[in-house]
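Asker: Take a look at the following structure, please.
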Amino acid sequence: MTQAQPQSLSLYLHIPFCTAKCGYCDFNSYEGLDHLVPDYTPALVRELELWAPAARSHRVETVFLGGGTPSLTSLDDMETIVRGLRDQYDVAPDAEWTLEANPTELTQEHLEGLRALGINRLSIGVQSLHDDELELLDRQHSAERAVEGVRAARAAGFDNVNMDLIFGLIDQPLERWQGTLERAIELAPEHLSCYALTVEPGTLLYYQVQKGTLPEPDPDVVAEQYEWTRDRLAGAGYEQYEISNWARPGHACRHNLVYWRAEPYIGVGAGAHSFFAGQRLANVDSPQRYVELVNASHEERAATGGGTLQQIAGGETPDAATLRADALILGLRLLEGVSRLEYADRFGEPPEAAFGGAIERHFRTGLLEDRDGRLRLTSRGLLLANEVFVDLLPDTEPAPAP
């Protein structure tokens, strides 16, 4: 009798600590909480243990350590996390292990230690290769330090490196963005994530724009920079596979593809999100409260053999309409688009059954196209993707998770 193949699963581990909070950042990250670090790593490992029984029939194909600044974590703590994960989960031998890092922490010794632990993909938050732009973004590194960090990663044995870059900065002319990207291309990373600066509510940048002390990014300049980026990276041998992501052949981020293909993942850590067993769940944001609740759950399980995941602050069980919309919206972020046949196999009907009006409308506006049985954003649609996505949002509210 053939044994059933384990289901694929991805794990996201959130480490929320930073040396400084960047003015544009709306992630769940904190500065000045160094005193929590000794308690946070054990809590992270305990939450992995709490989730492990539910994931017993799954094989972990990707692990992503994000933040915050995971590269601030000591090698001893990182070894504890990696060992705890491997002890509790069936991890594929060729699993992708990504760690987000800031250039300031990329010393040769630390990088070699990370590589020895099995971290095989490094995502470096470079953002710009101009010192004045880095200062505007409240980054703690210089352009030269970022270059040195990439080179140190190579020397430590990393052969899968991503550079995060931001364009559309305040008063940034095309030529300045071109200078950053050209210098990045010279460093030959396997992957480039190029994001337009967004002014997110609740950030320092948002308040500065609201007060008029800084102007908003110019959408026409942003569009020009994006179109130039697409052409330049194609000429440099990078394949665009998602709205903001380019890779050398075979180096697309496997972990992020899980999100865009609406596949299951478990998130552990303060503020981490999960999509697992048909539910969307979110952990409490506060690192202090997270540690307290995980420890309480762990003690409850040790005493009774059961118990709840008390660190989960809320969630929902998406209804069929929400799942269909999510799969279409997330799938359209990919340059490959959404296969009509695969979508119909998954949901029992093609995308036109629920979204025919919106799809036809954006065929007419020139933002969507049908190529070889796949719905895709056009080149213009990549610039105006949110106009399509808003039309695909479901009208119904998801049911709360039990």
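Convention: chains lettered A, B, ... in structure tokens order; per-chain residue numbering from 1; ligands numbered from 1 as shown.
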Just list as a ChimeraX atom specification whatever in region 30-179 of chain A DSSP marks as alpha helix (DSSP H).

Answerer: /A:37-51,75-88,108-116,131-136,143-155,174-179

Asker: Excluding region 272-280 of chain A and residues on its chain fewer than 2 positions from it, collect all residues at most 8 Å away from it, counting only C-alpha atoms, and give them as a list in words.

Answerer: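 Non-adjacent residues within range: Tyr12, Leu13, His14, Glu263, Pro264, Tyr265, Ile266, Gly267, Val268, Gly269, Ala270, Ala282, Asn283, Val284, Asp285, Gly315, Glu316, Thr317, Pro318 and Ala401 of chain A.
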
Asker: Which residues, written as a VMD selection string, have at least one atom at most 8 Å from region 94-101 of chain A, with only C-alpha atoms counted and residues fewer than 2 positions away on the same chain left out?

Answerer: chain A and resid 60 to 67 69 to 72 91 to 92 103 105 to 106 118 to 125 254 to 255

Asker: Between A:Pro189, A:Gly149, A:Gly250, A:Pro173, which has the minimum distance to Asp220 (chain A) (counting only C-alpha atoms)?

Answerer: A:Pro173

Asker: Show me, as a Markdown table, the residues of region 6-114 of chain A having an atom within 12 Å of region 307-312 of chain A, each with the closest atom pair and its distance in Å, using only C-alpha atoms.

Answerer:
```
| residue | atom | partner | partner_atom | distance |
| --- | --- | --- | --- | --- |
| A:Ala43 | CA | A:Gln311 | CA | 10.4 |
| A:Leu44 | CA | A:Gln311 | CA | 11.0 |
| A:Arg46 | CA | A:Leu309 | CA | 10.9 |
| A:Glu47 | CA | A:Leu309 | CA | 8.4 |
| A:Leu48 | CA | A:Leu309 | CA | 11.0 |
| A:Glu49 | CA | A:Leu309 | CA | 10.9 |
| A:Leu50 | CA | A:Leu309 | CA | 7.3 |
| A:Trp51 | CA | A:Leu309 | CA | 8.3 |
| A:Ala52 | CA | A:Leu309 | CA | 11.8 |
| A:Ala54 | CA | A:Leu309 | CA | 11.6 |
```

Asker: CA of Pro38 (chain A) and CA of Asp77 (chain A) are how many Å apart?

Answerer: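 That distance, rounded to one decimal, is 8.7 Å.
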
Asker: How would you write, as a PyMOL selection string, the set of residues in region 124-186 of chain A that DSSP gives as strand (DSSP E or B)?

Answerer: chain A and resi 124-127+161-167

Asker: Please provide as a PyMOL selection string all residues within 10 Å of Glu292 (chain A), with the sequence filter that same-chain residues fewer than 4 positions apart are discarded (counting only C-alpha atoms).

Answerer: chain A and resi 39-40+43+286-288+296-298+310-311

Asker: Neighbours of Gln127 (chain A) within 12 Å (only C-alpha atoms; same-chain residues fewer than 5 positions away dropped), as a PyMOL selection string?

Answerer: chain A and resi 22+24+101-103+132-143+146-147+162-169+177+180-181+184+192-197

Asker: Nearest residue to Gln225 (chain A) out of A:Val291, A:Leu382, A:Leu174, A:Leu111, using only C-alpha atoms?

Answerer: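 Nearest to Gln225 (chain A): A:Leu174.
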
Asker: Using only C-alpha atoms for the distances, tell me which of A:Pro351, A:Gly68, A:Gly381, A:Pro42 is nearest to Glu227 (chain A).

Answerer: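 Of all the options, A:Gly381 lies closest to Glu227 (chain A).
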
Asker: For Ile185 (chain A), which residue among A:Ala55, A:Ala247, A:Val258, A:Val45 is the nearest when counting only C-alpha atoms?

Answerer: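 Among A:Ala55, A:Ala247, A:Val258, A:Val45, it is A:Ala247 that comes nearest to Ile185 (chain A).
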
Asker: Expressed in Å to a single decimal, how great is the separation between CA of Arg376 (chain A) and CA of Gly337 (chain A)?

Answerer: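 For CA of Arg376 (chain A) relative to CA of Gly337 (chain A), the distance reads 4.4 Å.
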
Asker: Just checking: using only C-alpha atoms, which residue out of A:Leu75, A:Ala303, A:Leu375, A:Ala320 ends up closest to Leu334 (chain A)?

Answerer: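 Closest to Leu334 (chain A) of all the choices is A:Leu375.
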
Asker: Which residues are close to region 353-360 of chain A, i.e. within 10 Å by only C-alpha atoms, leaving aside same-chain residues fewer than 6 positions away? Reply as a PDB file with N, CA and C atoms, in the first residue's frame.

Answerer:
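part_36.pdb written:
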```pdb
ATOM      1  N   ALA A 321     -16.497  32.511  -0.894  1.00  0.00           N
ATOM      2  CA  ALA A 321     -16.320  33.699  -1.727  1.00  0.00           C
ATOM      3  C   ALA A 321     -14.992  34.385  -1.428  1.00  0.00           C
ATOM      4  N   ARG A 324     -12.079  32.277  -2.876  1.00  0.00           N
ATOM      5  CA  ARG A 324     -11.985  32.434  -4.333  1.00  0.00           C
ATOM      6  C   ARG A 324     -11.356  33.776  -4.699  1.00  0.00           C
ATOM      7  N   ALA A 325     -11.785  34.839  -4.002  1.00  0.00           N
ATOM      8  CA  ALA A 325     -11.242  36.166  -4.289  1.00  0.00           C
ATOM      9  C   ALA A 325      -9.761  36.247  -3.931  1.00  0.00           C
ATOM     10  N   LEU A 328      -7.577  34.560  -6.502  1.00  0.00           N
ATOM     11  CA  LEU A 328      -7.485  35.306  -7.754  1.00  0.00           C
ATOM     12  C   LEU A 328      -6.617  36.552  -7.581  1.00  0.00           C
ATOM     13  N   ALA A 344     -10.486  26.348 -11.698  1.00  0.00           N
ATOM     14  CA  ALA A 344     -11.737  25.582 -11.734  1.00  0.00           C
ATOM     15  C   ALA A 344     -11.592  24.258 -10.986  1.00  0.00           C
ATOM     16  N   GLY A 366      -7.913  47.403 -20.440  1.00  0.00           N
ATOM     17  CA  GLY A 366      -6.551  47.053 -20.813  1.00  0.00           C
ATOM     18  C   GLY A 366      -5.651  46.690 -19.653  1.00  0.00           C
ATOM     19  N   LEU A 367      -6.244  46.402 -18.483  1.00  0.00           N
ATOM     20  CA  LEU A 367      -5.443  46.031 -17.320  1.00  0.00           C
ATOM     21  C   LEU A 367      -5.318  44.518 -17.159  1.00  0.00           C
ATOM     22  N   LEU A 368      -6.223  43.761 -17.764  1.00  0.00           N
ATOM     23  CA  LEU A 368      -6.186  42.297 -17.729  1.00  0.00           C
ATOM     24  C   LEU A 368      -6.141  41.747 -19.148  1.00  0.00           C
ATOM     25  N   GLU A 369      -5.561  40.554 -19.267  1.00  0.00           N
ATOM     26  CA  GLU A 369      -5.556  39.858 -20.551  1.00  0.00           C
ATOM     27  C   GLU A 369      -5.688  38.359 -20.303  1.00  0.00           C
ATOM     28  N   ASP A 370      -6.079  37.651 -21.339  1.00  0.00           N
ATOM     29  CA  ASP A 370      -6.140  36.185 -21.303  1.00  0.00           C
ATOM     30  C   ASP A 370      -5.097  35.686 -22.281  1.00  0.00           C
ATOM     31  N   LEU A 375      -5.341  34.088 -16.865  1.00  0.00           N
ATOM     32  CA  LEU A 375      -5.641  35.496 -16.629  1.00  0.00           C
ATOM     33  C   LEU A 375      -4.392  36.165 -16.085  1.00  0.00           C
ATOM     34  N   VAL A 388      -7.621  46.766 -10.221  1.00  0.00           N
ATOM     35  CA  VAL A 388      -8.203  45.450 -10.511  1.00  0.00           C
ATOM     36  C   VAL A 388      -8.573  44.750  -9.210  1.00  0.00           C
ATOM     37  N   PHE A 389      -7.665  44.754  -8.250  1.00  0.00           N
ATOM     38  CA  PHE A 389      -7.877  43.999  -7.021  1.00  0.00           C
ATOM     39  C   PHE A 389      -9.108  44.487  -6.248  1.00  0.00           C
ATOM     40  N   VAL A 390      -9.312  45.797  -6.215  1.00  0.00           N
ATOM     41  CA  VAL A 390     -10.474  46.335  -5.507  1.00  0.00           C
ATOM     42  C   VAL A 390     -11.772  45.792  -6.091  1.00  0.00           C
ATOM     43  N   ASP A 391     -11.821  45.631  -7.408  1.00  0.00           N
ATOM     44  CA  ASP A 391     -13.026  45.116  -8.060  1.00  0.00           C
ATOM     45  C   ASP A 391     -13.256  43.631  -7.805  1.00  0.00           C
ATOM     46  N   LEU A 392     -12.222  42.939  -7.307  1.00  0.00           N
ATOM     47  CA  LEU A 392     -12.340  41.497  -7.065  1.00  0.00           C
ATOM     48  C   LEU A 392     -12.619  41.165  -5.606  1.00  0.00           C
ATOM     49  N   LEU A 393     -12.639  42.169  -4.746  1.00  0.00           N
ATOM     50  CA  LEU A 393     -12.906  41.907  -3.333  1.00  0.00           C
ATOM     51  C   LEU A 393     -14.322  41.385  -3.146  1.00  0.00           C
ATOM     52  N   PRO A 394     -14.521  40.383  -2.284  1.00  0.00           N
ATOM     53  CA  PRO A 394     -15.854  39.832  -2.079  1.00  0.00           C
ATOM     54  C   PRO A 394     -16.736  40.795  -1.294  1.00  0.00           C
TER      55      PRO A 394
END
```

Asker: Looking at only C-alpha atoms, which of A:Gly331, A:Gly179, A:Gly314, A:Gly113 is the one that sits closest to Ala153 (chain A)?

Answerer: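 With only C-alpha atoms as the atom set, the closest residue is A:Gly113.
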
Asker: Report the distance between CA of Asp87 (chain A) and CA of Gln7 (chain A) in Å, rounded to one decimal place.

Answerer: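 The value is 18.2 Å.
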